[in-house]
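Novice: Input structure: data-v9.txt, which contains compact mmCIF, C-alpha atoms and all ligand atoms.
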# COMPACT_ATOMS: atom_id res chain seq x y z
CA MET A 1 171.23 92.59 96.63
CA LEU A 2 171.97 96.28 97.13
CA THR A 3 175.58 97.30 96.51
CA ASP A 4 177.60 99.78 98.58
CA LYS A 5 177.04 102.24 95.75
CA ASP A 6 173.26 101.75 95.97
CA ILE A 7 173.32 102.43 99.70
CA LEU A 8 175.38 105.59 99.23
CA GLU A 9 172.82 106.73 96.67
CA ILE A 10 169.97 105.96 99.10
CA ARG A 11 171.75 107.91 101.85
CA LYS A 12 171.66 111.05 99.71
CA SER A 13 167.92 111.18 100.44
CA PHE A 14 168.60 111.40 104.19
CA PRO A 15 170.55 114.61 104.96
CA ILE A 16 170.26 113.90 108.69
CA LEU A 17 172.67 110.99 108.25
CA ASN A 18 175.44 113.50 107.52
CA ARG A 19 175.23 115.21 110.88
CA GLU A 20 177.66 114.88 113.72
CA VAL A 21 177.08 113.80 117.30
CA SER A 22 179.69 114.49 120.00
CA GLY A 23 181.98 115.84 117.26
CA LYS A 24 181.94 112.51 115.41
CA ALA A 25 180.15 111.37 112.27
CA MET A 26 176.81 110.08 113.53
CA ILE A 27 175.96 106.39 113.23
CA TYR A 28 172.20 106.11 113.65
CA LEU A 29 171.27 102.68 114.99
CA ASP A 30 167.98 103.45 116.72
CA ASN A 31 165.79 102.52 113.77
CA THR A 32 163.53 100.28 115.82
CA ALA A 33 162.37 103.32 117.78
CA THR A 34 161.95 105.40 114.63
CA SER A 35 163.57 105.38 111.23
CA GLN A 36 164.75 108.50 109.43
CA THR A 37 162.67 110.11 106.71
CA PRO A 38 163.74 110.51 103.08
CA ASN A 39 163.57 113.84 101.24
CA LYS A 40 160.60 112.80 99.14
CA VAL A 41 158.44 112.48 102.26
CA VAL A 42 159.68 115.75 103.75
CA GLU A 43 159.24 117.50 100.39
CA GLU A 44 155.67 116.24 100.11
CA ILE A 45 154.88 117.62 103.57
CA ALA A 46 156.43 120.98 102.59
CA ARG A 47 154.63 120.94 99.23
CA ILE A 48 151.25 120.40 100.85
CA TYR A 49 151.82 123.08 103.49
CA THR A 50 152.95 125.56 100.87
CA THR A 51 150.45 124.79 98.10
CA SER A 52 147.49 122.61 99.05
CA LYS A 53 146.63 122.53 102.73
CA ALA A 54 142.88 122.40 103.37
CA ASN A 55 140.72 120.29 105.61
CA VAL A 56 139.49 117.05 104.07
CA HIS A 57 135.94 115.81 103.41
CA ARG A 58 134.40 119.10 104.47
CA GLY A 59 134.42 121.41 101.51
CA VAL A 60 133.41 121.77 97.92
CA HIS A 61 136.29 124.10 97.24
CA THR A 62 139.23 123.05 95.10
CA LEU A 63 141.86 122.84 97.82
CA SER A 64 139.69 120.72 100.06
CA GLN A 65 138.95 118.36 97.20
CA GLU A 66 142.62 118.13 96.26
CA MET A 67 143.55 117.31 99.85
CA THR A 68 140.75 114.78 100.16
CA ASP A 69 141.95 113.09 96.97
CA LEU A 70 145.51 112.95 98.30
CA GLN A 71 144.36 111.40 101.57
CA GLU A 72 142.15 108.85 99.86
CA GLN A 73 144.83 108.00 97.28
CA SER A 74 147.15 107.27 100.20
CA ARG A 75 144.52 105.00 101.75
CA GLU A 76 144.24 103.14 98.45
CA HIS A 77 148.04 102.89 98.22
CA ILE A 78 148.22 101.38 101.70
CA ARG A 79 145.34 99.02 100.90
CA ARG A 80 147.23 97.75 97.88
CA TYR A 81 150.50 97.59 99.79
CA ILE A 82 149.11 95.35 102.54
CA ASN A 83 146.69 93.59 100.18
CA ALA A 84 143.55 94.45 102.13
CA ALA A 85 140.32 93.54 100.37
CA SER A 86 138.88 97.05 100.43
CA ARG A 87 139.75 100.62 101.39
CA GLU A 88 137.03 100.48 104.06
CA GLU A 89 139.33 98.13 105.96
CA VAL A 90 142.13 100.71 106.24
CA ILE A 91 141.59 103.03 109.21
CA PHE A 92 144.00 105.86 109.94
CA THR A 93 145.09 106.27 113.56
CA ARG A 94 147.84 108.15 115.37
CA GLY A 95 149.97 105.02 115.43
CA THR A 96 150.16 101.40 116.48
CA THR A 97 149.33 102.33 120.07
CA GLU A 98 146.10 104.09 119.18
CA ALA A 99 145.13 101.28 116.81
CA ILE A 100 145.46 98.66 119.56
CA ASN A 101 143.57 100.88 122.02
CA LEU A 102 140.83 101.22 119.41
CA VAL A 103 140.49 97.46 119.04
CA ALA A 104 140.71 96.72 122.77
CA SER A 105 138.13 99.37 123.54
CA SER A 106 135.71 98.86 120.64
CA PHE A 107 136.03 95.18 119.72
CA GLY A 108 136.65 94.45 123.41
CA SER A 109 133.30 95.97 124.36
CA ARG A 110 131.74 92.60 123.49
CA PHE A 111 133.89 90.72 126.03
CA GLN A 112 132.53 89.71 129.41
CA GLU A 113 133.91 88.95 132.83
CA GLY A 114 136.01 85.78 132.74
CA ASP A 115 136.65 85.93 128.98
CA GLU A 116 140.29 85.29 128.16
CA VAL A 117 142.70 87.19 125.92
CA ILE A 118 146.02 85.60 124.97
CA LEU A 119 149.12 87.82 124.83
CA THR A 120 152.82 86.98 124.86
CA VAL A 121 155.61 87.92 127.24
CA MET A 122 157.48 89.70 124.43
CA GLU A 123 154.77 92.33 123.84
CA HIS A 124 155.42 96.06 123.78
CA HIS A 125 153.45 97.91 126.47
CA ALA A 126 151.19 99.12 123.63
CA ASN A 127 149.91 95.57 123.35
CA ILE A 128 149.59 94.97 127.09
CA VAL A 129 148.18 98.05 128.76
CA PRO A 130 145.09 98.52 126.52
CA TRP A 131 144.06 94.97 127.45
CA GLN A 132 144.70 95.69 131.12
CA LEU A 133 142.45 98.78 130.87
CA LEU A 134 139.81 96.50 129.41
CA ARG A 135 140.41 94.00 132.21
CA ASP A 136 139.82 96.77 134.75
CA ARG A 137 136.60 97.69 132.96
CA CYS A 138 135.01 94.31 132.39
CA GLY A 139 137.01 91.63 134.17
CA ILE A 140 138.67 89.78 131.28
CA VAL A 141 141.58 87.48 132.11
CA LEU A 142 144.97 87.84 130.39
CA ARG A 143 146.91 84.68 129.51
CA VAL A 144 150.58 85.08 128.61
CA VAL A 145 152.72 82.91 126.32
CA ASN A 146 156.32 82.45 127.45
CA ILE A 147 159.56 82.30 125.38
CA ASN A 148 162.49 79.90 125.28
CA ASP A 149 166.12 80.90 125.79
CA LYS A 150 166.55 81.92 122.16
CA GLY A 151 163.63 84.30 122.47
CA GLU A 152 161.18 82.20 120.47
CA LEU A 153 157.57 81.83 121.55
CA ASP A 154 156.60 78.58 123.23
CA ILE A 155 154.12 77.56 120.55
CA GLU A 156 153.04 74.46 122.47
CA GLN A 157 152.07 76.67 125.39
CA PHE A 158 150.34 79.09 123.00
CA ARG A 159 148.16 76.24 121.73
CA SER A 160 147.46 74.96 125.22
CA LEU A 161 146.12 78.32 126.41
CA PHE A 162 143.07 78.19 124.15
CA ASN A 163 139.86 77.07 125.79
CA GLU A 164 136.15 77.81 125.56
CA LYS A 165 136.67 81.15 127.34
CA THR A 166 139.26 82.48 124.86
CA VAL A 167 137.88 85.44 122.94
CA MET A 168 141.00 87.00 121.40
CA ALA A 169 144.71 86.53 120.78
CA SER A 170 146.94 89.56 120.31
CA PHE A 171 150.67 89.28 119.60
CA CYS A 172 153.52 90.95 117.81
CA HIS A 173 154.74 89.88 114.39
CA VAL A 174 158.32 90.85 115.32
CA SER A 175 159.65 91.56 118.81
CA ASN A 176 161.06 95.08 119.25
CA VAL A 177 163.66 93.75 121.71
CA LEU A 178 164.55 90.23 120.59
CA GLY A 179 163.98 90.70 116.87
CA THR A 180 162.22 87.32 116.81
CA VAL A 181 159.92 86.90 113.82
CA ASN A 182 156.94 84.98 115.16
CA PRO A 183 155.21 82.30 113.04
CA VAL A 184 152.12 84.49 112.89
CA LYS A 185 150.45 82.78 109.95
CA GLU A 186 150.43 79.43 111.76
CA MET A 187 149.35 81.14 114.98
CA VAL A 188 146.42 82.84 113.23
CA SER A 189 145.43 79.57 111.61
CA PHE A 190 145.47 77.77 114.97
CA ALA A 191 143.48 80.55 116.69
CA HIS A 192 140.91 80.45 113.90
CA SER A 193 140.61 76.68 114.23
CA LYS A 194 139.40 77.47 117.76
CA GLY A 195 137.13 80.27 116.53
CA VAL A 196 139.31 83.00 118.06
CA PRO A 197 140.05 86.30 116.26
CA VAL A 198 143.60 87.65 116.16
CA LEU A 199 145.26 91.05 116.28
CA ILE A 200 148.84 91.25 115.01
CA ASP A 201 151.04 94.11 116.20
CA GLY A 202 153.05 94.76 113.04
CA ALA A 203 154.97 97.82 114.27
CA GLN A 204 158.31 96.03 113.90
CA ALA A 205 157.45 93.85 110.92
CA SER A 206 156.08 96.46 108.52
CA PRO A 207 159.44 98.28 108.14
CA HIS A 208 161.29 95.06 107.28
CA MET A 209 159.02 92.69 105.35
CA LEU A 210 156.08 92.71 102.98
CA ILE A 211 152.76 92.37 104.76
CA ASP A 212 149.88 90.56 103.12
CA VAL A 213 146.94 90.72 105.49
CA ARG A 214 144.79 88.42 103.37
CA ASP A 215 147.51 85.79 103.24
CA LEU A 216 148.00 86.07 107.02
CA ASP A 217 144.19 85.99 107.38
CA CYS A 218 144.50 88.02 110.60
CA ASP A 219 141.46 89.89 111.86
CA PHE A 220 143.40 93.05 112.73
CA TYR A 221 146.89 94.25 111.75
CA VAL A 222 148.38 97.47 113.12
CA PHE A 223 151.47 99.52 112.31
CA SER A 224 153.06 103.00 112.48
CA ALA A 225 154.31 105.16 109.60
CA HIS A 226 157.24 106.65 111.51
CA LYS A 227 159.02 103.30 111.66
CA MET A 228 158.58 102.88 107.88
CA TYR A 229 160.46 106.01 106.75
CA GLY A 230 157.19 107.93 107.04
CA PRO A 231 155.96 110.86 109.11
CA THR A 232 155.23 110.76 112.83
CA GLY A 233 151.68 110.67 114.15
CA ILE A 234 150.22 108.33 111.54
CA GLY A 235 149.32 104.70 111.96
CA VAL A 236 147.07 102.16 110.36
CA LEU A 237 144.50 99.78 111.70
CA TYR A 238 143.64 97.10 109.20
CA GLY A 239 140.51 95.23 110.24
CA LYS A 240 138.33 92.67 108.52
CA ARG A 241 135.24 94.44 107.33
CA LYS A 242 132.85 92.07 109.09
CA TRP A 243 134.35 93.06 112.45
CA LEU A 244 134.68 96.76 111.74
CA GLU A 245 131.05 96.91 110.71
CA GLU A 246 129.93 95.30 113.95
CA MET A 247 132.21 97.36 116.19
CA PRO A 248 130.95 100.52 117.92
CA PRO A 249 132.83 103.79 117.27
CA TYR A 250 135.93 104.38 119.38
CA GLN A 251 135.73 108.18 119.57
CA GLY A 252 132.96 110.63 118.73
CA GLY A 253 133.17 113.90 116.83
CA GLY A 254 133.36 115.27 113.32
CA GLU A 255 133.90 112.98 110.29
CA MET A 256 132.54 109.86 112.01
CA ILE A 257 128.85 110.79 111.92
CA ALA A 258 126.02 110.46 109.42
CA LYS A 259 123.41 112.54 111.27
CA VAL A 260 123.48 114.19 114.66
CA THR A 261 120.53 115.36 116.75
CA PHE A 262 120.47 115.75 120.51
CA ALA A 263 118.17 112.75 120.66
CA HIS A 264 120.17 110.40 118.45
CA THR A 265 123.29 110.12 116.30
CA THR A 266 123.96 107.76 113.42
CA TYR A 267 127.45 106.97 112.27
CA ALA A 268 129.34 107.32 109.02
CA GLU A 269 130.22 104.35 106.85
CA LEU A 270 133.62 102.69 107.11
CA PRO A 271 136.37 103.75 107.29
CA PHE A 272 135.21 107.14 108.60
CA LYS A 273 133.24 105.63 111.49
CA PHE A 274 136.61 105.20 113.25
CA GLU A 275 138.20 108.49 112.18
CA ALA A 276 136.72 111.11 114.48
CA GLY A 277 138.07 114.65 114.15
CA THR A 278 140.43 116.19 111.64
CA PRO A 279 142.96 113.53 110.70
CA ASP A 280 146.63 114.27 110.09
CA PHE A 281 145.83 114.49 106.40
CA VAL A 282 149.27 115.92 105.54
CA GLY A 283 151.00 113.03 107.25
CA ILE A 284 148.64 110.55 105.65
CA ALA A 285 149.39 111.90 102.17
CA ALA A 286 153.13 111.89 102.89
CA PHE A 287 153.00 108.30 104.16
CA SER A 288 152.22 107.27 100.60
CA LYS A 289 155.60 108.74 99.55
CA ALA A 290 157.33 106.64 102.21
CA ILE A 291 155.75 103.54 100.72
CA ASP A 292 156.91 104.73 97.28
CA PHE A 293 160.42 104.90 98.75
CA ILE A 294 160.17 101.31 100.00
CA GLU A 295 158.65 100.06 96.76
CA GLU A 296 161.28 101.75 94.59
CA ILE A 297 164.09 99.96 96.47
CA GLY A 298 162.09 96.77 96.90
CA MET A 299 161.30 95.25 100.29
CA ASP A 300 163.24 92.10 99.40
CA ASN A 301 166.35 94.21 98.79
CA ILE A 302 165.81 96.12 102.03
CA ALA A 303 165.40 92.91 104.03
CA ALA A 304 168.45 91.26 102.44
CA HIS A 305 170.67 94.26 103.15
CA GLU A 306 169.50 94.56 106.75
CA HIS A 307 169.96 90.85 107.28
CA ALA A 308 173.52 90.98 105.93
CA LEU A 309 174.28 93.85 108.35
CA LEU A 310 172.75 91.87 111.22
CA GLU A 311 174.81 88.72 110.53
CA TYR A 312 178.02 90.70 109.99
CA THR A 313 177.61 92.69 113.21
CA GLN A 314 176.41 89.87 115.45
CA GLU A 315 179.24 87.60 114.36
CA LYS A 316 181.83 90.22 115.29
CA MET A 317 180.06 91.47 118.43
CA VAL A 318 180.25 88.17 120.24
CA LYS A 319 184.03 88.60 120.38
CA VAL A 320 183.63 91.54 122.79
CA PRO A 321 184.47 90.10 126.23
CA GLY A 322 181.42 89.63 128.45
CA LEU A 323 178.90 90.41 125.70
CA ARG A 324 175.49 88.75 125.87
CA ILE A 325 172.92 89.00 123.08
CA PHE A 326 169.23 88.68 123.97
CA GLY A 327 167.32 87.15 121.10
CA THR A 328 169.08 84.54 119.01
CA ALA A 329 166.18 83.02 117.08
CA PRO A 330 167.19 81.85 113.59
CA ASP A 331 164.35 83.92 112.13
CA LYS A 332 165.28 87.34 113.39
CA SER A 333 164.99 90.90 112.11
CA ALA A 334 167.84 93.42 112.24
CA VAL A 335 167.67 94.21 115.97
CA ILE A 336 170.45 93.40 118.43
CA SER A 337 169.74 93.72 122.14
CA PHE A 338 172.76 93.18 124.33
CA LEU A 339 174.58 93.78 127.58
CA VAL A 340 178.28 93.74 128.39
CA GLY A 341 179.41 92.12 131.64
CA ARG A 342 177.76 93.77 134.61
CA SER A 343 177.73 97.25 133.09
CA HIS A 344 174.47 99.19 133.13
CA PRO A 345 172.85 99.73 129.72
CA TYR A 346 172.70 103.51 130.29
CA ASP A 347 176.46 103.72 130.88
CA LEU A 348 177.10 101.78 127.71
CA GLY A 349 174.61 103.90 125.77
CA LEU A 350 176.24 107.12 126.99
CA LEU A 351 179.72 105.94 126.06
CA LEU A 352 178.47 104.98 122.61
CA ASP A 353 176.77 108.36 122.19
CA LYS A 354 180.04 110.08 123.06
CA GLN A 355 181.48 108.27 120.03
CA GLY A 356 178.62 109.33 117.76
CA VAL A 357 176.68 106.05 117.93
CA GLU A 358 172.96 106.44 118.56
CA VAL A 359 171.50 103.33 120.19
CA ARG A 360 168.55 102.88 122.52
CA THR A 361 168.92 101.82 126.14
CA GLY A 362 166.45 100.72 128.76
CA HIS A 363 163.42 98.46 128.92
CA HIS A 364 162.22 99.34 125.39
CA CYS A 365 158.59 99.51 126.62
CA ALA A 366 158.75 95.79 127.33
CA MET A 367 159.09 95.58 131.12
CA PRO A 368 157.46 92.14 131.43
CA LEU A 369 160.04 90.81 128.95
CA MET A 370 162.86 92.38 131.00
CA ASP A 371 161.43 90.62 134.07
CA ARG A 372 161.35 87.34 132.14
CA LEU A 373 164.99 87.83 131.12
CA ASP A 374 165.81 88.96 134.67
CA ILE A 375 167.61 92.11 133.54
CA PRO A 376 166.89 95.84 134.06
CA GLY A 377 167.20 96.65 130.39
CA THR A 378 169.43 96.26 127.35
CA VAL A 379 171.29 98.30 124.81
CA ARG A 380 169.64 97.94 121.43
CA ALA A 381 171.20 98.55 118.02
CA SER A 382 168.95 98.25 115.00
CA PHE A 383 169.46 98.69 111.29
CA ALA A 384 167.60 100.27 108.40
CA VAL A 385 168.30 100.18 104.68
CA TYR A 386 170.57 103.26 104.79
CA ASN A 387 173.05 101.76 107.28
CA THR A 388 176.42 100.71 105.88
CA PHE A 389 179.00 98.06 106.74
CA GLU A 390 181.36 100.91 107.50
CA GLU A 391 178.88 102.08 110.13
CA ALA A 392 178.67 98.55 111.51
CA ASP A 393 182.48 98.62 111.86
CA GLY A 394 182.27 102.05 113.53
CA PHE A 395 179.73 100.70 115.98
CA LEU A 396 181.87 97.64 116.74
CA LYS A 397 184.93 99.81 117.35
CA ALA A 398 182.98 102.15 119.64
CA LEU A 399 181.47 99.20 121.49
CA THR A 400 184.87 97.58 122.03
CA ARG A 401 186.18 100.85 123.49
CA ALA A 402 183.13 101.37 125.72
CA ALA A 403 183.30 97.80 126.95
CA ALA A 404 187.00 98.20 127.83
CA ILE A 405 186.24 101.38 129.82
CA LEU A 406 183.42 99.70 131.76
CA GLU A 407 185.36 96.50 132.45
N1 LIG B 501 154.45 97.67 119.19
C1 LIG B 501 155.74 97.45 118.98
C2 LIG B 501 156.23 96.06 118.76
C3 LIG B 501 156.63 98.53 118.95
O1 LIG B 501 157.94 98.32 118.76
C4 LIG B 501 156.13 99.84 119.15
C5 LIG B 501 157.04 101.00 119.18
O2 LIG B 501 158.21 100.89 119.37
C6 LIG B 501 154.77 100.01 119.35
C7 LIG B 501 153.95 98.90 119.37
C8 LIG B 501 154.18 101.36 119.56
O3 LIG B 501 154.26 102.12 118.39
P1 LIG B 501 153.84 103.64 118.39
O4 LIG B 501 154.60 104.29 119.51
O5 LIG B 501 154.27 104.12 117.04
O6 LIG B 501 152.37 103.71 118.59
Translate the structure described by the file into structure tokens.

Specialist:
Amino acid sequence: MLTDKDILEIRKSFPILNREVSGKAMIYLDNTATSQTPNKVVEEIARIYTTSKANVHRGVHTLSQEMTDLQEQSREHIRRYINAASREEVIFTRGTTEAINLVASSFGSRFQEGDEVILTVMEHHANIVPWQLLRDRCGIVLRVVNINDKGELDIEQFRSLFNEKTVMASFCHVSNVLGTVNPVKEMVSFAHSKGVPVLIDGAQASPHMLIDVRDLDCDFYVFSAHKMYGPTGIGVLYGKRKWLEEMPPYQGGGEMIAKVTFAHTTYAELPFKFEAGTPDFVGIAAFSKAIDFIEEIGMDNIAAHEHALLEYTQEKMVKVPGLRIFGTAPDKSAVISFLVGRSHPYDLGLLLDKQGVEVRTGHHCAMPLMDRLDIPGTVRASFAVYNTFEEADGFLKALTRAAAILE
């Protein structure tokens, strides 16, 4: 378990945590939206821009080769980190959103009218709208798994939705609103028993737990670097090789071709078949440093610290009069969505900001979940490894004050 001293040491790598907001020491609790970035990632970006920047895979010159090596070393690092079987299964995208769009568009091109895709009511819009676009294109039907009052998936209903028309199941590993950790391994196993491939949206799991794609046996796993202490604009699509090989390209352009004539084009081997255009090679290289950061602390240590903060804060929060927490599953990551009395989440968010506390307010890109909960939105506080118990106390104090004002 990380000590207070360890956390203070970790915080030294995040100068942004020393800034003020509204004249108060900032307490950054919007980690679910994006986490802050340690110096070693920022320094790597600066180092590349000042010493090594050159386009990848396109040159024989030294700089281009150095940059290509850095990008491919990062791919190998990520492969190892998520335990993918080969580097060909690690595709770089702009983020989780693009990775899901890629799968819905490319893998989905085999689906036909009347085929069914299973989603859940707790999905982020990134795992809803790409399937709706596909529905508009080819007439698939979306089936949606509900939740219980704790914010856990109705697994019985999930099982009951499978039938001979089911072609895909796509669900989050961890809910960005409720924090619920879904039993994804069991869900994958059940889907496979029905011959149905699975995509797991790991945007909210990858920052908080180790991911082993071979142990999960999922067909696709997607996540974003910027939520894992990494740079913005980088994401990963893990896909089983057998699917990626069968799938048509998602976008056309440079990098993804083998030979182009006006009559006919052949495509590059994996992973490049899905990486059209110049990638964000600087961000990709720097992402490897973010994983170094996680590995040096240890994901188990990160998870234990965040969990301790979650328990500590939730236990005290419930004493605020009129406070309701959305998402009380026993297996929950360090996200607290809440409302106080009849106050609007924006008012609460503004009053917290005035006290230096940065939380997210609104529907959190999960409007169908808000409809299910019958609320317009929530306030959401979420923790990362650099948050302290002192900050949790600061948040609780600010929340108590804001709640009293809005009473
Ligand atoms: N899925 C989940 C569960 C998320 O929480 C998010 C972002 O908050 C996304 C997908 C989209 O991620 P990105 O905006 O990095 O593509």

Novice: Restricting the calculation to only C-alpha atoms and all ligand atoms, which member of A:Leu323, A:Val141, A:Leu199, A:Ala268 is positioned closest to ligand LIG 501 (chain B)?

Specialist: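 With only C-alpha atoms and all ligand atoms as the atom set, the closest residue is A:Leu199.
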
Novice: Write out as a PyMOL selection string which residues come within 9 Å of region 61-74 of chain A when counting only C-alpha atoms, dropping same-chain ones fewer than 2 positions away.

Specialist: chain A and resi 48+51-59+76-79+87+281-289

Novice: Would you output that residue set with C-alpha atoms, as a compact mmCIF listing (two decimals), keeping the file's coordinate frame?

Specialist:
# COMPACT_ATOMS: atom_id res chain seq x y z
CA ILE A 48 151.25 120.40 100.85
CA THR A 51 150.45 124.79 98.10
CA SER A 52 147.49 122.61 99.05
CA LYS A 53 146.63 122.53 102.73
CA ALA A 54 142.88 122.40 103.37
CA ASN A 55 140.72 120.29 105.61
CA VAL A 56 139.49 117.05 104.07
CA HIS A 57 135.94 115.81 103.41
CA ARG A 58 134.40 119.10 104.47
CA GLY A 59 134.42 121.41 101.51
CA GLU A 76 144.24 103.14 98.45
CA HIS A 77 148.04 102.89 98.22
CA ILE A 78 148.22 101.38 101.70
CA ARG A 79 145.34 99.02 100.90
CA ARG A 87 139.75 100.62 101.39
CA PHE A 281 145.83 114.49 106.40
CA VAL A 282 149.27 115.92 105.54
CA GLY A 283 151.00 113.03 107.25
CA ILE A 284 148.64 110.55 105.65
CA ALA A 285 149.39 111.90 102.17
CA ALA A 286 153.13 111.89 102.89
CA PHE A 287 153.00 108.30 104.16
CA SER A 288 152.22 107.27 100.60
CA LYS A 289 155.60 108.74 99.55

Novice: Using all atoms listed in the file, pick whichever of A:Met228, A:Ala304, A:Ala398, A:Met370 has the shortest atom-to-atom distance to ligand LIG 501 (chain B).

Specialist: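 That would be A:Met228, the residue with the smallest distance to ligand LIG 501 (chain B).
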
Novice: When you draw a straight line from CA of Asp374 (chain A) to CA of Leu119 (chain A), how long is it in Å?

Specialist: 19.4 Å

Novice: Residues of chain A that approach ligand LIG 501 (chain B) to 9 Å or less, counting all atoms listed in the file: could you list each one with the shortest pair of atoms and its distance in Å to one decimal, rows by chain and increasing residue number, as a tab-separated table?

Specialist:
residue	atom	partner	partner_atom	distance
A:Thr32	CA	B:LIG501	O2	6.4
A:Ala33	CA	B:LIG501	O2	5.1
A:Thr34	CA	B:LIG501	O2	7.5
A:Arg94	CA	B:LIG501	O6	7.1
A:Gly95	CA	B:LIG501	O6	4.2
A:Thr96	CA	B:LIG501	O6	3.8
A:Thr97	CA	B:LIG501	O6	3.7
A:Glu98	CA	B:LIG501	O6	6.3
A:Ala99	CA	B:LIG501	O6	7.8
A:Ile100	CA	B:LIG501	C7	8.5
A:Met122	CA	B:LIG501	C2	8.6
A:Glu123	CA	B:LIG501	C2	6.5
A:His124	CA	B:LIG501	N1	5.0
A:His125	CA	B:LIG501	C7	7.2
A:Ala126	CA	B:LIG501	C7	5.1
A:Asn127	CA	B:LIG501	N1	6.5
A:Phe171	CA	B:LIG501	C2	8.8
A:Cys172	CA	B:LIG501	C2	5.9
A:His173	CA	B:LIG501	C2	7.7
A:Val174	CA	B:LIG501	C2	6.6
A:Ser175	CA	B:LIG501	C2	5.7
A:Asn176	CA	B:LIG501	O1	4.5
A:Val177	CA	B:LIG501	O1	7.9
A:Asp201	CA	B:LIG501	N1	5.8
A:Gly202	CA	B:LIG501	C2	6.7
A:Ala203	CA	B:LIG501	C1	4.8
A:Gln204	CA	B:LIG501	C2	5.3
A:Ala205	CA	B:LIG501	C2	8.2
A:Val222	CA	B:LIG501	C7	8.5
A:Phe223	CA	B:LIG501	O5	7.2
A:Ser224	CA	B:LIG501	O5	4.8
A:Ala225	CA	B:LIG501	O5	7.5
A:His226	CA	B:LIG501	O5	6.8
A:Lys227	CA	B:LIG501	O5	7.2
A:Thr232	CA	B:LIG501	O5	7.9
A:Gly233	CA	B:LIG501	O5	7.6
A:Ile234	CA	B:LIG501	O5	8.0
A:Gly235	CA	B:LIG501	O5	7.1
A:His364	CA	B:LIG501	O2	7.4
A:Cys365	CA	B:LIG501	O2	7.4
A:Ala366	CA	B:LIG501	C2	8.9

Novice: Pick from A:Ile128, A:Gly230, A:Gly322, A:Leu2: nearest to Val144 (chain A), with all atoms listed in the file counted?

Specialist: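 Residue with the minimum atom-to-atom distance to Val144 (chain A): A:Ile128.
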
Novice: Which one of A:Leu339, A:Ala276, A:Leu396, A:Leu350 sits closest to Tyr312 (chain A) if you count all atoms listed in the file?

Specialist: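 For Tyr312 (chain A), the nearest of the given residues is A:Leu396.
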
Novice: Could you tell me, as a ChimeraX atom specification, which residues have any atom at most 12 Å from (137.4, 75.9, 125.7), counting only C-alpha atoms?

Specialist: /A:115-116,159-167,191,193-196

Novice: I need the residue nearest Leu216 (chain A) from this list: A:Leu102, A:Ala84, A:Leu133, A:Cys138. Use all atoms listed in the file for the distance.

Specialist: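 Once distances to Leu216 (chain A) are computed over all atoms listed in the file, the minimum belongs to A:Ala84.
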
Novice: Pick from A:Val385, A:Val213, A:Val121, A:Leu134: nearest to Ile294 (chain A), with all atoms listed in the file counted?

Specialist: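 Looking at the shortest contact to Ile294 (chain A), the residue is A:Val385.
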
Novice: What's the 12 Å shell around region 5-9 of chain A, counting only C-alpha atoms, without same-chain residues fewer than 3 positions away, as a list in words?

Specialist: Met1, Leu2, Lys12, Ser13, Phe14, Pro15, Leu17, Asn18, Pro38, Ile297, Asn301, Ile302, His305, Glu306, Ala384, Val385, Tyr386, Asn387, Thr388, Phe389, Glu390 and Glu391 of chain A

Novice: At a cut-off of 10 Å, can you tabulate as JSON lines every residue of region 88-168 of chain A near region 324-338 of chain A together with its closest atom pair and the distance in Å to one decimal, using only C-alpha atoms and ordering rows by chain then number?

Specialist:
{"residue": "A:Asn148", "atom": "CA", "partner": "A:Ala329", "partner_atom": "CA", "distance": 9.5}
{"residue": "A:Asp149", "atom": "CA", "partner": "A:Gly327", "partner_atom": "CA", "distance": 7.9}
{"residue": "A:Lys150", "atom": "CA", "partner": "A:Thr328", "partner_atom": "CA", "distance": 4.8}
{"residue": "A:Gly151", "atom": "CA", "partner": "A:Gly327", "partner_atom": "CA", "distance": 4.9}
{"residue": "A:Glu152", "atom": "CA", "partner": "A:Ala329", "partner_atom": "CA", "distance": 6.1}
{"residue": "A:Leu153", "atom": "CA", "partner": "A:Ala329", "partner_atom": "CA", "distance": 9.8}

Novice: With C-alpha atoms retained, write the just-selected residues as a compact mmCIF listing (two decimals), keeping the file's coordinate frame.

Specialist:
# COMPACT_ATOMS: atom_id res chain seq x y z
CA ASN A 148 162.49 79.90 125.28
CA ASP A 149 166.12 80.90 125.79
CA LYS A 150 166.55 81.92 122.16
CA GLY A 151 163.63 84.30 122.47
CA GLU A 152 161.18 82.20 120.47
CA LEU A 153 157.57 81.83 121.55
